[in-house]
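The file upload-v9.pdb contains PDB, C-alpha atoms and all ligand atoms:
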```pdb
ATOM      1  CA  MET A   1     -33.608 -10.227 -76.423
ATOM      2  CA  ARG A   2     -36.389 -10.203 -73.837
ATOM      3  CA  THR A   3     -38.696 -13.049 -73.027
ATOM      4  CA  VAL A   4     -42.324 -11.905 -72.870
ATOM      5  CA  PHE A   5     -45.581 -13.607 -71.915
ATOM      6  CA  VAL A   6     -48.509 -13.744 -74.366
ATOM      7  CA  ASN A   7     -51.712 -15.692 -73.776
ATOM      8  CA  GLY A   8     -50.175 -18.583 -71.892
ATOM      9  CA  VAL A   9     -46.734 -18.822 -73.474
ATOM     10  CA  TYR A  10     -43.291 -17.389 -72.857
ATOM     11  CA  LEU A  11     -41.677 -16.256 -76.098
ATOM     12  CA  PRO A  12     -38.796 -14.161 -77.380
ATOM     13  CA  GLU A  13     -40.222 -10.669 -77.908
ATOM     14  CA  ASP A  14     -39.901 -10.817 -81.703
ATOM     15  CA  GLN A  15     -42.068 -13.938 -81.866
ATOM     16  CA  ALA A  16     -44.923 -12.683 -79.678
ATOM     17  CA  GLN A  17     -48.188 -12.059 -81.509
ATOM     18  CA  ILE A  18     -51.730 -10.992 -80.688
ATOM     19  CA  SER A  19     -54.878 -11.242 -82.799
ATOM     20  CA  ILE A  20     -55.944  -8.275 -84.943
ATOM     21  CA  PHE A  21     -59.420  -8.941 -83.467
ATOM     22  CA  ASP A  22     -58.253  -8.422 -79.895
ATOM     23  CA  ARG A  23     -60.606  -5.861 -78.337
ATOM     24  CA  GLY A  24     -57.669  -4.177 -76.656
ATOM     25  CA  PHE A  25     -56.399  -3.336 -80.135
ATOM     26  CA  LEU A  26     -59.792  -2.480 -81.709
ATOM     27  CA  PHE A  27     -61.561  -0.689 -78.821
ATOM     28  CA  GLY A  28     -58.927   0.063 -76.199
ATOM     29  CA  ASP A  29     -60.935  -2.543 -74.276
ATOM     30  CA  ALA A  30     -58.169  -3.508 -71.864
ATOM     31  CA  VAL A  31     -56.820  -2.681 -68.444
ATOM     32  CA  TYR A  32     -53.217  -2.656 -67.318
ATOM     33  CA  GLU A  33     -50.813  -2.341 -64.411
ATOM     34  CA  VAL A  34     -47.167  -1.330 -64.178
ATOM     35  CA  THR A  35     -45.337  -2.697 -61.147
ATOM     36  CA  ALA A  36     -41.873  -1.500 -60.160
ATOM     37  CA  VAL A  37     -39.053  -3.991 -59.612
ATOM     38  CA  MET A  38     -36.257  -3.141 -57.163
ATOM     39  CA  ASN A  39     -33.420  -5.595 -56.501
ATOM     40  CA  GLY A  40     -35.317  -8.200 -58.493
ATOM     41  CA  LYS A  41     -38.447  -7.858 -56.317
ATOM     42  CA  LEU A  42     -41.949  -6.533 -57.025
ATOM     43  CA  VAL A  43     -42.966  -3.367 -55.193
ATOM     44  CA  ASP A  44     -46.537  -3.262 -53.794
ATOM     45  CA  PHE A  45     -47.671  -6.196 -55.958
ATOM     46  CA  ASP A  46     -50.889  -6.815 -54.010
ATOM     47  CA  ALA A  47     -51.990  -3.198 -54.251
ATOM     48  CA  HIS A  48     -51.504  -3.322 -58.029
ATOM     49  CA  MET A  49     -53.550  -6.516 -58.275
ATOM     50  CA  ASP A  50     -56.311  -5.005 -56.093
ATOM     51  CA  ARG A  51     -56.482  -2.066 -58.479
ATOM     52  CA  LEU A  52     -56.507  -4.373 -61.512
ATOM     53  CA  ALA A  53     -59.521  -6.188 -60.033
ATOM     54  CA  ARG A  54     -61.247  -2.866 -59.429
ATOM     55  CA  SER A  55     -60.585  -1.668 -63.006
ATOM     56  CA  MET A  56     -61.993  -4.952 -64.337
ATOM     57  CA  ALA A  57     -65.112  -4.721 -62.170
ATOM     58  CA  GLU A  58     -65.785  -1.143 -63.299
ATOM     59  CA  LEU A  59     -65.680  -2.312 -66.946
ATOM     60  CA  ASP A  60     -67.777  -5.481 -66.433
ATOM     61  CA  MET A  61     -64.743  -7.605 -67.294
ATOM     62  CA  VAL A  62     -65.700 -10.861 -65.661
ATOM     63  CA  ARG A  63     -63.031 -13.219 -66.945
ATOM     64  CA  GLY A  64     -59.596 -12.805 -65.472
ATOM     65  CA  TYR A  65     -56.772 -14.784 -63.882
ATOM     66  CA  GLU A  66     -55.953 -15.872 -60.356
ATOM     67  CA  ARG A  67     -53.626 -13.519 -58.528
ATOM     68  CA  SER A  68     -51.265 -16.382 -57.723
ATOM     69  CA  ALA A  69     -50.966 -17.221 -61.447
ATOM     70  CA  LEU A  70     -50.238 -13.582 -62.237
ATOM     71  CA  LEU A  71     -47.604 -13.452 -59.500
ATOM     72  CA  THR A  72     -45.924 -16.541 -60.946
ATOM     73  CA  ILE A  73     -45.791 -14.975 -64.416
ATOM     74  CA  HIS A  74     -44.351 -11.735 -62.994
ATOM     75  CA  LYS A  75     -41.678 -13.678 -61.117
ATOM     76  CA  ASN A  76     -40.843 -15.908 -64.073
ATOM     77  CA  LEU A  77     -40.346 -12.901 -66.326
ATOM     78  CA  ILE A  78     -38.131 -11.163 -63.759
ATOM     79  CA  LYS A  79     -36.026 -14.303 -63.518
ATOM     80  CA  ARG A  80     -35.872 -15.125 -67.226
ATOM     81  CA  ASN A  81     -34.900 -11.558 -68.076
ATOM     82  CA  ASN A  82     -32.589 -11.205 -65.088
ATOM     83  CA  LEU A  83     -34.346  -7.942 -64.185
ATOM     84  CA  GLN A  84     -32.860  -6.169 -61.195
ATOM     85  CA  GLU A  85     -34.451  -2.746 -61.544
ATOM     86  CA  GLY A  86     -37.300  -1.690 -63.803
ATOM     87  CA  LEU A  87     -40.931  -2.471 -64.482
ATOM     88  CA  VAL A  88     -43.294  -5.299 -65.263
ATOM     89  CA  TYR A  89     -46.147  -4.278 -67.581
ATOM     90  CA  LEU A  90     -49.342  -6.361 -67.483
ATOM     91  CA  GLN A  91     -52.246  -5.913 -69.888
ATOM     92  CA  LEU A  92     -55.518  -7.797 -69.689
ATOM     93  CA  THR A  93     -57.940  -7.443 -72.595
ATOM     94  CA  ARG A  94     -61.542  -8.583 -72.980
ATOM     95  CA  GLY A  95     -60.310 -11.007 -75.637
ATOM     96  CA  ALA A  96     -60.548 -11.428 -79.403
ATOM     97  CA  ALA A  97     -63.827 -11.633 -81.344
ATOM     98  CA  ASP A  98     -65.530 -10.197 -84.422
ATOM     99  CA  ARG A  99     -65.704  -6.437 -84.112
ATOM    100  CA  ASP A 100     -68.869  -5.470 -82.258
ATOM    101  CA  PHE A 101     -69.580  -2.596 -79.863
ATOM    102  CA  ASP A 102     -71.869  -4.889 -77.870
ATOM    103  CA  PHE A 103     -69.910  -7.397 -75.796
ATOM    104  CA  SER A 104     -72.843  -8.792 -73.838
ATOM    105  CA  ASP A 105     -72.769 -12.193 -75.563
ATOM    106  CA  LEU A 106     -68.986 -12.423 -75.684
ATOM    107  CA  ASP A 107     -67.613 -15.662 -74.301
ATOM    108  CA  VAL A 108     -63.914 -15.748 -75.129
ATOM    109  CA  ALA A 109     -60.763 -16.090 -73.077
ATOM    110  CA  PRO A 110     -59.328 -12.770 -71.938
ATOM    111  CA  GLY A 111     -56.068 -11.690 -73.538
ATOM    112  CA  LEU A 112     -53.034 -11.478 -71.282
ATOM    113  CA  VAL A 113     -49.704  -9.881 -72.113
ATOM    114  CA  LEU A 114     -46.801  -9.200 -69.750
ATOM    115  CA  PHE A 115     -43.324  -7.882 -70.422
ATOM    116  CA  THR A 116     -40.453  -6.416 -68.463
ATOM    117  CA  GLN A 117     -38.686  -3.151 -69.091
ATOM    118  CA  ALA A 118     -35.320  -2.418 -67.495
ATOM    119  CA  LYS A 119     -35.167   1.107 -66.045
ATOM    120  CA  SER A 120     -33.087   2.896 -63.480
ATOM    121  CA  LEU A 121     -35.618   3.831 -60.780
ATOM    122  CA  GLU A 122     -33.623   4.752 -57.704
ATOM    123  CA  VAL A 123     -31.237   6.964 -59.652
ATOM    124  CA  ASN A 124     -33.223   9.312 -61.864
ATOM    125  CA  PRO A 125     -31.890  12.566 -63.350
ATOM    126  CA  LEU A 126     -35.365  14.107 -63.027
ATOM    127  CA  ALA A 127     -35.215  13.661 -59.263
ATOM    128  CA  ALA A 128     -31.900  15.493 -59.098
ATOM    129  CA  ARG A 129     -32.699  18.408 -61.389
ATOM    130  CA  GLY A 130     -36.505  18.578 -60.995
ATOM    131  CA  GLN A 131     -39.157  18.476 -63.687
ATOM    132  CA  LYS A 132     -40.346  21.306 -65.873
ATOM    133  CA  ILE A 133     -44.059  20.952 -66.447
ATOM    134  CA  VAL A 134     -46.606  22.682 -68.625
ATOM    135  CA  LEU A 135     -50.367  22.759 -68.122
ATOM    136  CA  ALA A 136     -53.111  21.554 -70.474
ATOM    137  CA  ASP A 137     -56.872  21.083 -70.247
ATOM    138  CA  ASP A 138     -57.889  17.664 -68.993
ATOM    139  CA  LEU A 139     -59.974  16.413 -71.930
ATOM    140  CA  ARG A 140     -59.789  12.700 -71.005
ATOM    141  CA  TRP A 141     -62.952  10.694 -70.519
ATOM    142  CA  GLY A 142     -64.682  11.011 -67.141
ATOM    143  CA  ARG A 143     -63.394   7.750 -65.649
ATOM    144  CA  SER A 144     -59.703   8.414 -65.172
ATOM    145  CA  ASP A 145     -59.878   6.209 -62.064
ATOM    146  CA  ILE A 146     -60.058   3.119 -64.296
ATOM    147  CA  LYS A 147     -56.635   2.077 -65.535
ATOM    148  CA  THR A 148     -57.472   1.431 -69.180
ATOM    149  CA  VAL A 149     -55.059   1.438 -72.104
ATOM    150  CA  GLN A 150     -56.922   4.408 -73.611
ATOM    151  CA  LEU A 151     -53.948   6.690 -73.051
ATOM    152  CA  LEU A 152     -53.938   8.685 -76.280
ATOM    153  CA  TYR A 153     -54.809  12.101 -74.832
ATOM    154  CA  ALA A 154     -52.162  11.863 -72.103
ATOM    155  CA  SER A 155     -49.634  10.600 -74.632
ATOM    156  CA  LEU A 156     -50.389  13.462 -77.062
ATOM    157  CA  MET A 157     -50.147  16.100 -74.337
ATOM    158  CA  LYS A 158     -46.892  14.659 -72.980
ATOM    159  CA  THR A 159     -45.400  14.645 -76.480
ATOM    160  CA  ARG A 160     -46.391  18.297 -76.988
ATOM    161  CA  ALA A 161     -44.912  19.159 -73.587
ATOM    162  CA  LYS A 162     -41.620  17.531 -74.603
ATOM    163  CA  ARG A 163     -41.617  19.383 -77.916
ATOM    164  CA  GLN A 164     -41.902  22.622 -75.941
ATOM    165  CA  GLY A 165     -38.811  21.674 -73.930
ATOM    166  CA  ALA A 166     -40.732  20.567 -70.820
ATOM    167  CA  ASP A 167     -40.572  17.160 -69.105
ATOM    168  CA  ASP A 168     -44.253  16.504 -68.540
ATOM    169  CA  VAL A 169     -47.761  17.908 -68.561
ATOM    170  CA  TRP A 170     -50.177  18.379 -65.668
ATOM    171  CA  LEU A 171     -53.853  18.374 -66.585
ATOM    172  CA  CYS A 172     -56.454  20.899 -65.367
ATOM    173  CA  ARG A 173     -60.197  20.777 -65.066
ATOM    174  CA  ASP A 174     -62.165  23.903 -64.060
ATOM    175  CA  GLY A 175     -58.958  25.725 -63.139
ATOM    176  CA  LYS A 176     -57.806  22.930 -60.815
ATOM    177  CA  ILE A 177     -55.109  20.317 -61.359
ATOM    178  CA  THR A 178     -56.320  16.742 -61.742
ATOM    179  CA  GLU A 179     -53.031  14.853 -62.224
ATOM    180  CA  GLY A 180     -49.999  14.446 -64.483
ATOM    181  CA  SER A 181     -49.883  12.537 -67.778
ATOM    182  CA  SER A 182     -48.950   9.357 -65.882
ATOM    183  CA  ASN A 183     -48.545  10.435 -62.272
ATOM    184  CA  ASN A 184     -50.377  12.001 -59.351
ATOM    185  CA  ALA A 185     -49.782  15.686 -58.588
ATOM    186  CA  TYR A 186     -49.019  17.481 -55.304
ATOM    187  CA  ILE A 187     -48.090  20.890 -53.960
ATOM    188  CA  VAL A 188     -46.460  21.843 -50.677
ATOM    189  CA  THR A 189     -47.708  25.148 -49.257
ATOM    190  CA  ARG A 190     -45.646  27.740 -47.410
ATOM    191  CA  HIS A 191     -46.993  26.142 -44.205
ATOM    192  CA  ASN A 192     -45.521  22.771 -45.268
ATOM    193  CA  GLU A 193     -48.942  21.269 -45.933
ATOM    194  CA  ILE A 194     -49.081  18.702 -48.715
ATOM    195  CA  ILE A 195     -52.127  19.111 -50.935
ATOM    196  CA  THR A 196     -53.235  16.545 -53.501
ATOM    197  CA  ARG A 197     -56.570  15.964 -55.184
ATOM    198  CA  ALA A 198     -58.882  13.607 -53.291
ATOM    199  CA  LEU A 199     -59.644  10.207 -54.807
ATOM    200  CA  SER A 200     -62.599  10.321 -57.211
ATOM    201  CA  THR A 201     -63.392   9.380 -60.804
ATOM    202  CA  ASP A 202     -61.167  12.329 -61.894
ATOM    203  CA  ILE A 203     -57.816  10.677 -61.141
ATOM    204  CA  LEU A 204     -56.074   7.346 -61.047
ATOM    205  CA  HIS A 205     -55.864   6.015 -57.502
ATOM    206  CA  GLY A 206     -52.080   5.815 -57.485
ATOM    207  CA  ILE A 207     -50.401   3.010 -55.593
ATOM    208  CA  THR A 208     -47.396   5.262 -55.018
ATOM    209  CA  ARG A 209     -49.779   8.040 -53.898
ATOM    210  CA  ALA A 210     -51.148   5.801 -51.136
ATOM    211  CA  ALA A 211     -47.646   4.775 -50.022
ATOM    212  CA  VAL A 212     -46.267   8.327 -50.078
ATOM    213  CA  LEU A 213     -49.221   9.775 -48.143
ATOM    214  CA  LYS A 214     -48.626   7.157 -45.450
ATOM    215  CA  ILE A 215     -44.945   8.111 -45.313
ATOM    216  CA  ALA A 216     -45.884  11.815 -45.118
ATOM    217  CA  GLU A 217     -48.014  11.058 -42.069
ATOM    218  CA  LEU A 218     -45.142   9.162 -40.453
ATOM    219  CA  HIS A 219     -43.025  12.285 -41.033
ATOM    220  CA  GLN A 220     -45.810  14.212 -39.251
ATOM    221  CA  LEU A 221     -46.493  16.266 -42.345
ATOM    222  CA  LYS A 222     -50.024  17.554 -42.752
ATOM    223  CA  VAL A 223     -51.755  16.100 -45.809
ATOM    224  CA  ILE A 224     -54.892  17.714 -47.222
ATOM    225  CA  GLU A 225     -56.737  15.792 -49.912
ATOM    226  CA  ARG A 226     -58.482  18.416 -52.031
ATOM    227  CA  ALA A 227     -58.193  19.908 -55.503
ATOM    228  CA  PHE A 228     -55.682  22.772 -55.806
ATOM    229  CA  SER A 229     -55.857  25.576 -58.336
ATOM    230  CA  VAL A 230     -53.364  26.676 -60.969
ATOM    231  CA  ASP A 231     -52.790  29.830 -58.886
ATOM    232  CA  GLU A 232     -52.019  27.744 -55.796
ATOM    233  CA  LEU A 233     -49.586  25.681 -57.844
ATOM    234  CA  LYS A 234     -47.781  28.771 -59.128
ATOM    235  CA  ASP A 235     -47.628  30.120 -55.592
ATOM    236  CA  ALA A 236     -46.525  26.835 -53.957
ATOM    237  CA  LYS A 237     -43.274  26.324 -52.075
ATOM    238  CA  GLU A 238     -42.780  22.939 -53.727
ATOM    239  CA  ALA A 239     -44.540  20.637 -56.147
ATOM    240  CA  PHE A 240     -43.959  17.001 -56.992
ATOM    241  CA  SER A 241     -45.429  13.970 -58.716
ATOM    242  CA  THR A 242     -45.617  10.281 -57.814
ATOM    243  CA  SER A 243     -45.826   7.087 -59.860
ATOM    244  CA  ALA A 244     -44.630   3.493 -59.763
ATOM    245  CA  SER A 245     -42.105   4.183 -62.526
ATOM    246  CA  GLY A 246     -40.942   7.613 -61.299
ATOM    247  CA  PHE A 247     -41.296   7.256 -57.502
ATOM    248  CA  VAL A 248     -41.352  10.869 -56.201
ATOM    249  CA  ASN A 249     -40.156  13.556 -58.602
ATOM    250  CA  PRO A 250     -39.945  17.246 -57.732
ATOM    251  CA  VAL A 251     -41.373  19.883 -60.088
ATOM    252  CA  VAL A 252     -39.315  23.057 -60.434
ATOM    253  CA  THR A 253     -41.131  25.094 -63.082
ATOM    254  CA  VAL A 254     -44.682  25.373 -64.344
ATOM    255  CA  ASP A 255     -45.313  27.000 -67.741
ATOM    256  CA  GLY A 256     -41.796  28.480 -67.501
ATOM    257  CA  ALA A 257     -42.237  30.095 -64.045
ATOM    258  CA  ASP A 258     -40.238  28.879 -61.034
ATOM    259  CA  ILE A 259     -41.950  27.035 -58.228
ATOM    260  CA  GLY A 260     -40.496  28.230 -54.925
ATOM    261  CA  ASP A 261     -36.810  28.893 -55.569
ATOM    262  CA  GLY A 262     -36.815  26.820 -58.761
ATOM    263  CA  GLN A 263     -34.885  23.959 -57.120
ATOM    264  CA  PRO A 264     -36.098  20.482 -56.062
ATOM    265  CA  GLY A 265     -37.865  20.948 -52.728
ATOM    266  CA  GLN A 266     -36.741  19.514 -49.403
ATOM    267  CA  ILE A 267     -39.999  17.760 -48.636
ATOM    268  CA  ALA A 268     -40.185  16.121 -52.075
ATOM    269  CA  SER A 269     -36.570  14.960 -51.747
ATOM    270  CA  ALA A 270     -37.144  13.576 -48.228
ATOM    271  CA  LEU A 271     -40.303  11.759 -49.362
ATOM    272  CA  ARG A 272     -38.398  10.308 -52.302
ATOM    273  CA  SER A 273     -35.648   8.804 -50.168
ATOM    274  CA  SER A 274     -38.123   7.470 -47.586
ATOM    275  CA  TYR A 275     -40.176   5.946 -50.391
ATOM    276  CA  VAL A 276     -37.119   4.209 -51.844
ATOM    277  CA  SER A 277     -36.409   2.540 -48.468
ATOM    278  CA  ALA A 278     -40.069   1.714 -47.781
ATOM    279  CA  SER A 279     -40.651   0.260 -51.239
ATOM    280  CA  GLN A 280     -37.753  -2.156 -50.825
ATOM    281  CA  ALA A 281     -39.176  -3.286 -47.488
ATOM    282  CA  ALA A 282     -42.614  -3.841 -49.105
ATOM    283  CA  ALA A 283     -41.231  -5.831 -52.066
ATOM    284  CA  CYS A 284     -41.972  -9.499 -52.712
TER     285      CYS A 284
HETATM  286  N1  LIG B   1     -52.102   8.919 -62.757
HETATM  287  C1  LIG B   1     -52.035   8.396 -63.998
HETATM  288  C2  LIG B   1     -52.885   8.983 -65.065
HETATM  289  C3  LIG B   1     -51.158   7.342 -64.262
HETATM  290  O1  LIG B   1     -51.085   6.809 -65.512
HETATM  291  C4  LIG B   1     -50.339   6.835 -63.225
HETATM  292  C5  LIG B   1     -49.343   5.739 -63.490
HETATM  293  N2  LIG B   1     -49.902   4.560 -63.848
HETATM  294  C6  LIG B   1     -50.459   7.396 -61.953
HETATM  295  C7  LIG B   1     -51.349   8.432 -61.751
HETATM  296  C8  LIG B   1     -49.625   6.895 -60.799
HETATM  297  O2  LIG B   1     -50.094   5.659 -60.357
HETATM  298  P1  LIG B   1     -49.097   4.605 -59.674
HETATM  299  O3  LIG B   1     -48.502   5.318 -58.500
HETATM  300  O4  LIG B   1     -49.982   3.495 -59.275
HETATM  301  O5  LIG B   1     -48.102   4.255 -60.707
END
```

Mind turning the file's structure into structure tokens?
Ligand code: PMP
Amino acid sequence: MRTVFVNGVYLPEDQAQISIFDRGFLFGDAVYEVTAVMNGKLVDFDAHMDRLARSMAELDMVRGYERSALLTIHKNLIKRNNLQEGLVYLQLTRGAADRDFDFSDLDVAPGLVLFTQAKSLEVNPLAARGQKIVLADDLRWGRSDIKTVQLLYASLMKTRAKRQGADDVWLCRDGKITEGSSNNAYIVTRHNEIITRALSTDILHGITRAAVLKIAELHQLKVIERAFSVDELKDAKEAFSTSASGFVNPVVTVDGADIGDGQPGQIASALRSSYVSASQAAAC
């Protein structure tokens, strides 16, 4: 049984409890981060904590925790659960109080939950066989750059994609791809240019995205940050997604049609293996 962290205490997972008045539960009033663990070490921890601080600031969440305290909790959970490869999930809520839309007078301690999840990251069948994706309208709220726990639309669309026999869904706004259900989206053109949507309020500013774009530049690949259309996707040589839990995963079909030759692309595969090495070097 796992040990988890809830509001200051380490507990066996079946003894962990949160209040029914927690605003994360009642309003989705909470932000989160998922940090990969490789060889027992945290990948890109500081970048995740920078993004957590940004999410909090965008939601006027003023009460949080010191980064050093959060690092200690992450490390303790990795150790106590003997986690070699997987994820640490962190959720910070605005706290528990009587249900009220207005939080201006709220003065309660924020809620903090962390748990580990073992997962094979380096070896992933999706990387070997490539993902089948389907497309859906992006009907999420207009601040997808804030990493809140309001994930229902993405969860619903991913579930429907799975029911149709696909692996994931990519979301579209005005005929252009925004991102995947829980990953950033890329195409590679016939001229070997990597295209991915520019950072804005439309997408999550992926930590893996930043790392992979840096690696692409080191490989002297041209990266263009702009929105790409559904037609461009269908016509692409390669497509792939990035996330902390999936690393780099090639896409081989979209709505049932092959991308390129319908096999994982060379550039996506090269970026994946470079990312695996780089992420281990960046781990703490
Ligand atoms: N977009 C969305 C909507 C996500 O949920 C995620 C994963 N948290 C990402 C992109 C990828 O971000 P990261 O590389 O930081 O995991």

Could the residues of chain A that have an atom at most 8 Å from ligand LIG 1 (chain B) be listed as CSV, each with its closest atom pair and the distance in Å to one decimal, counting only C-alpha atoms and all ligand atoms and ordered by chain and ascending residue number?
```
residue,atom,partner,partner_atom,distance
A:Glu33,CA,B:LIG1,N2,7.0
A:Val34,CA,B:LIG1,N2,6.5
A:Thr35,CA,B:LIG1,O5,7.5
A:His48,CA,B:LIG1,O4,7.1
A:Ser144,CA,B:LIG1,C2,6.8
A:Lys147,CA,B:LIG1,O1,7.3
A:Ala154,CA,B:LIG1,C2,7.6
A:Glu179,CA,B:LIG1,N1,6.0
A:Gly180,CA,B:LIG1,N1,6.2
A:Ser181,CA,B:LIG1,C2,5.4
A:Ser182,CA,B:LIG1,O1,3.3
A:Asn183,CA,B:LIG1,C7,3.5
A:Asn184,CA,B:LIG1,C7,4.4
A:Ile203,CA,B:LIG1,N1,6.2
A:Leu204,CA,B:LIG1,N1,4.6
A:His205,CA,B:LIG1,O2,6.4
A:Gly206,CA,B:LIG1,O2,3.5
A:Ile207,CA,B:LIG1,O4,3.7
A:Thr208,CA,B:LIG1,O3,3.7
A:Arg209,CA,B:LIG1,O3,5.5
A:Ala210,CA,B:LIG1,O3,7.8
A:Thr242,CA,B:LIG1,O3,5.8
A:Ser243,CA,B:LIG1,O3,3.5
A:Ala244,CA,B:LIG1,O5,3.7
A:Ser245,CA,B:LIG1,O5,6.3
A:Gly246,CA,B:LIG1,O5,7.9
A:Phe247,CA,B:LIG1,O3,7.5
```

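Remark: for Gly28 (chain A), the closest of the candidate residues A:Val149, A:Met61, A:Met1, A:Leu70 is A:Val149 (distances computed over only C-alpha atoms).
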
Exercise for the section: Could you give me, as a PyMOL selection string, the residues within 12 Å of Asp14 (chain A), counting all atoms listed in the file and dropping anything in the same chain fewer than 6 positions from it? Expected result: chain A and resi 1-6

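Remark: for Thr148 (chain A), the closest of the candidate residues A:Ala127, A:Leu52, A:Leu199, A:Ala216 is A:Leu52 (distances computed over all atoms listed in the file).
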
Adding 6 Å on each side of the box along x, y and z that holds all listed atoms of region 70-88 of chain A, could you give its centre and edge lengths in Å to one decimal, as lines of an AutoDock Vina configuration file?
```
center_x = -41.4
center_y = -9.1
center_z = -63.8
size_x = 29.6
size_y = 26.9
size_z = 20.6
```

Practice task
Check what the PyMOL selection byres (((chain A and resi 256-262) around 7) and not hetatm) selects in the file above and give those residues as a PyMOL selection string.
Solution key: chain A and resi 234-238+252-255+263-264

Handout entry: Residue nearest Ala97 (chain A) - candidates A:Asp145, A:Asp22, A:Glu85, A:Glu13, atoms counted: all atoms listed in the file
Key = A:Asp22

Practice task
Please identify all polymer residues lying at most 12 Å from the point (-72.0, -9.1, -70.9) (file coordinates), using only C-alpha atoms, and present the result as a PyMOL selection string.
Solution key: chain A and resi 57+59-63+94+101-108

Exercise for the section: Would you write out, as a PyMOL selection string, every residue that the PyMOL selection byres (((chain A and resi 132) around 7) and not hetatm) captures in this file? Expected result: chain A and resi 130-131+133-134+166-168+251-254

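You can rank A:Glu122, A:Asp29, A:Glu58, A:Glu193 by their closest distance to Arg143 (chain A) using only C-alpha atoms, and at the top of that list sits A:Glu58.
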
Exercise for the section: Run through the PyMOL selection byres (((chain A and resi 73-84) around 10) and not hetatm) on the given coordinates and return the selected residues as a ChimeraX atom specification. Expected result: /A:1-5,8-10,35,37-42,45,67-72,85-90,114-120,284

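Of the listed residues A:Gly265, A:Gly142, A:Gly165, A:Pro12, the one whose atoms come nearest to Arg190 (chain A) is A:Gly265, with distances taken using all atoms listed in the file.
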
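A straight line drawn from CA of Ile267 (chain A) to CA of Glu232 (chain A) is 17.2 Å long.
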
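The space separating CA of Leu139 (chain A) from CA of Arg99 (chain A) comes to 26.5 Å.
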
Problem - Between CA of Ala211 (chain A) and CA of Met56 (chain A) - distance in Å to one decimal - result: 22.5 Å

Exercise for the section: Please identify all polymer residues within 12 Å of Gly175 (chain A), counting only C-alpha atoms, omitting same-chain residues fewer than 3 positions from it, and present them as a list in words. Expected result: Leu135, Ala136, Asp137, Asp138, Trp170, Leu171, Cys172, Thr178, Ala227, Phe228, Ser229, Val230, Asp231, Glu232 and Leu233 of chain A

As a compact mmCIF listing (two decimals), in the coordinates of the input, please: region 123-135 of chain A completed to N, CA and C atoms.
```txt
# COMPACT_ATOMS: atom_id res chain seq x y z
N VAL A 123 -32.00 5.82 -59.14
CA VAL A 123 -31.24 6.96 -59.65
C VAL A 123 -31.97 7.50 -60.88
N ASN A 124 -32.43 8.73 -60.78
CA ASN A 124 -33.22 9.31 -61.86
C ASN A 124 -32.82 10.78 -62.00
N PRO A 125 -32.33 11.17 -63.19
CA PRO A 125 -31.89 12.57 -63.35
C PRO A 125 -32.99 13.58 -63.05
N LEU A 126 -34.26 13.17 -63.30
CA LEU A 126 -35.36 14.11 -63.03
C LEU A 126 -35.48 14.43 -61.55
N ALA A 127 -35.13 13.44 -60.71
CA ALA A 127 -35.22 13.66 -59.26
C ALA A 127 -34.16 14.67 -58.82
N ALA A 128 -32.99 14.60 -59.47
CA ALA A 128 -31.90 15.49 -59.10
C ALA A 128 -32.12 16.91 -59.61
N ARG A 129 -32.58 17.05 -60.84
CA ARG A 129 -32.70 18.41 -61.39
C ARG A 129 -34.11 18.98 -61.30
N GLY A 130 -35.12 18.11 -61.08
CA GLY A 130 -36.51 18.58 -61.00
C GLY A 130 -37.14 18.66 -62.37
N GLN A 131 -38.46 18.49 -62.40
CA GLN A 131 -39.16 18.48 -63.69
C GLN A 131 -39.70 19.86 -64.04
N LYS A 132 -39.65 20.13 -65.35
CA LYS A 132 -40.35 21.31 -65.87
C LYS A 132 -41.68 20.80 -66.38
N ILE A 133 -42.77 21.40 -65.92
CA ILE A 133 -44.06 20.95 -66.45
C ILE A 133 -44.79 22.10 -67.13
N VAL A 134 -45.68 21.72 -68.02
CA VAL A 134 -46.61 22.68 -68.62
C VAL A 134 -48.01 22.21 -68.30
N LEU A 135 -48.98 23.09 -68.46
CA LEU A 135 -50.37 22.76 -68.12
C LEU A 135 -51.19 22.61 -69.40
```
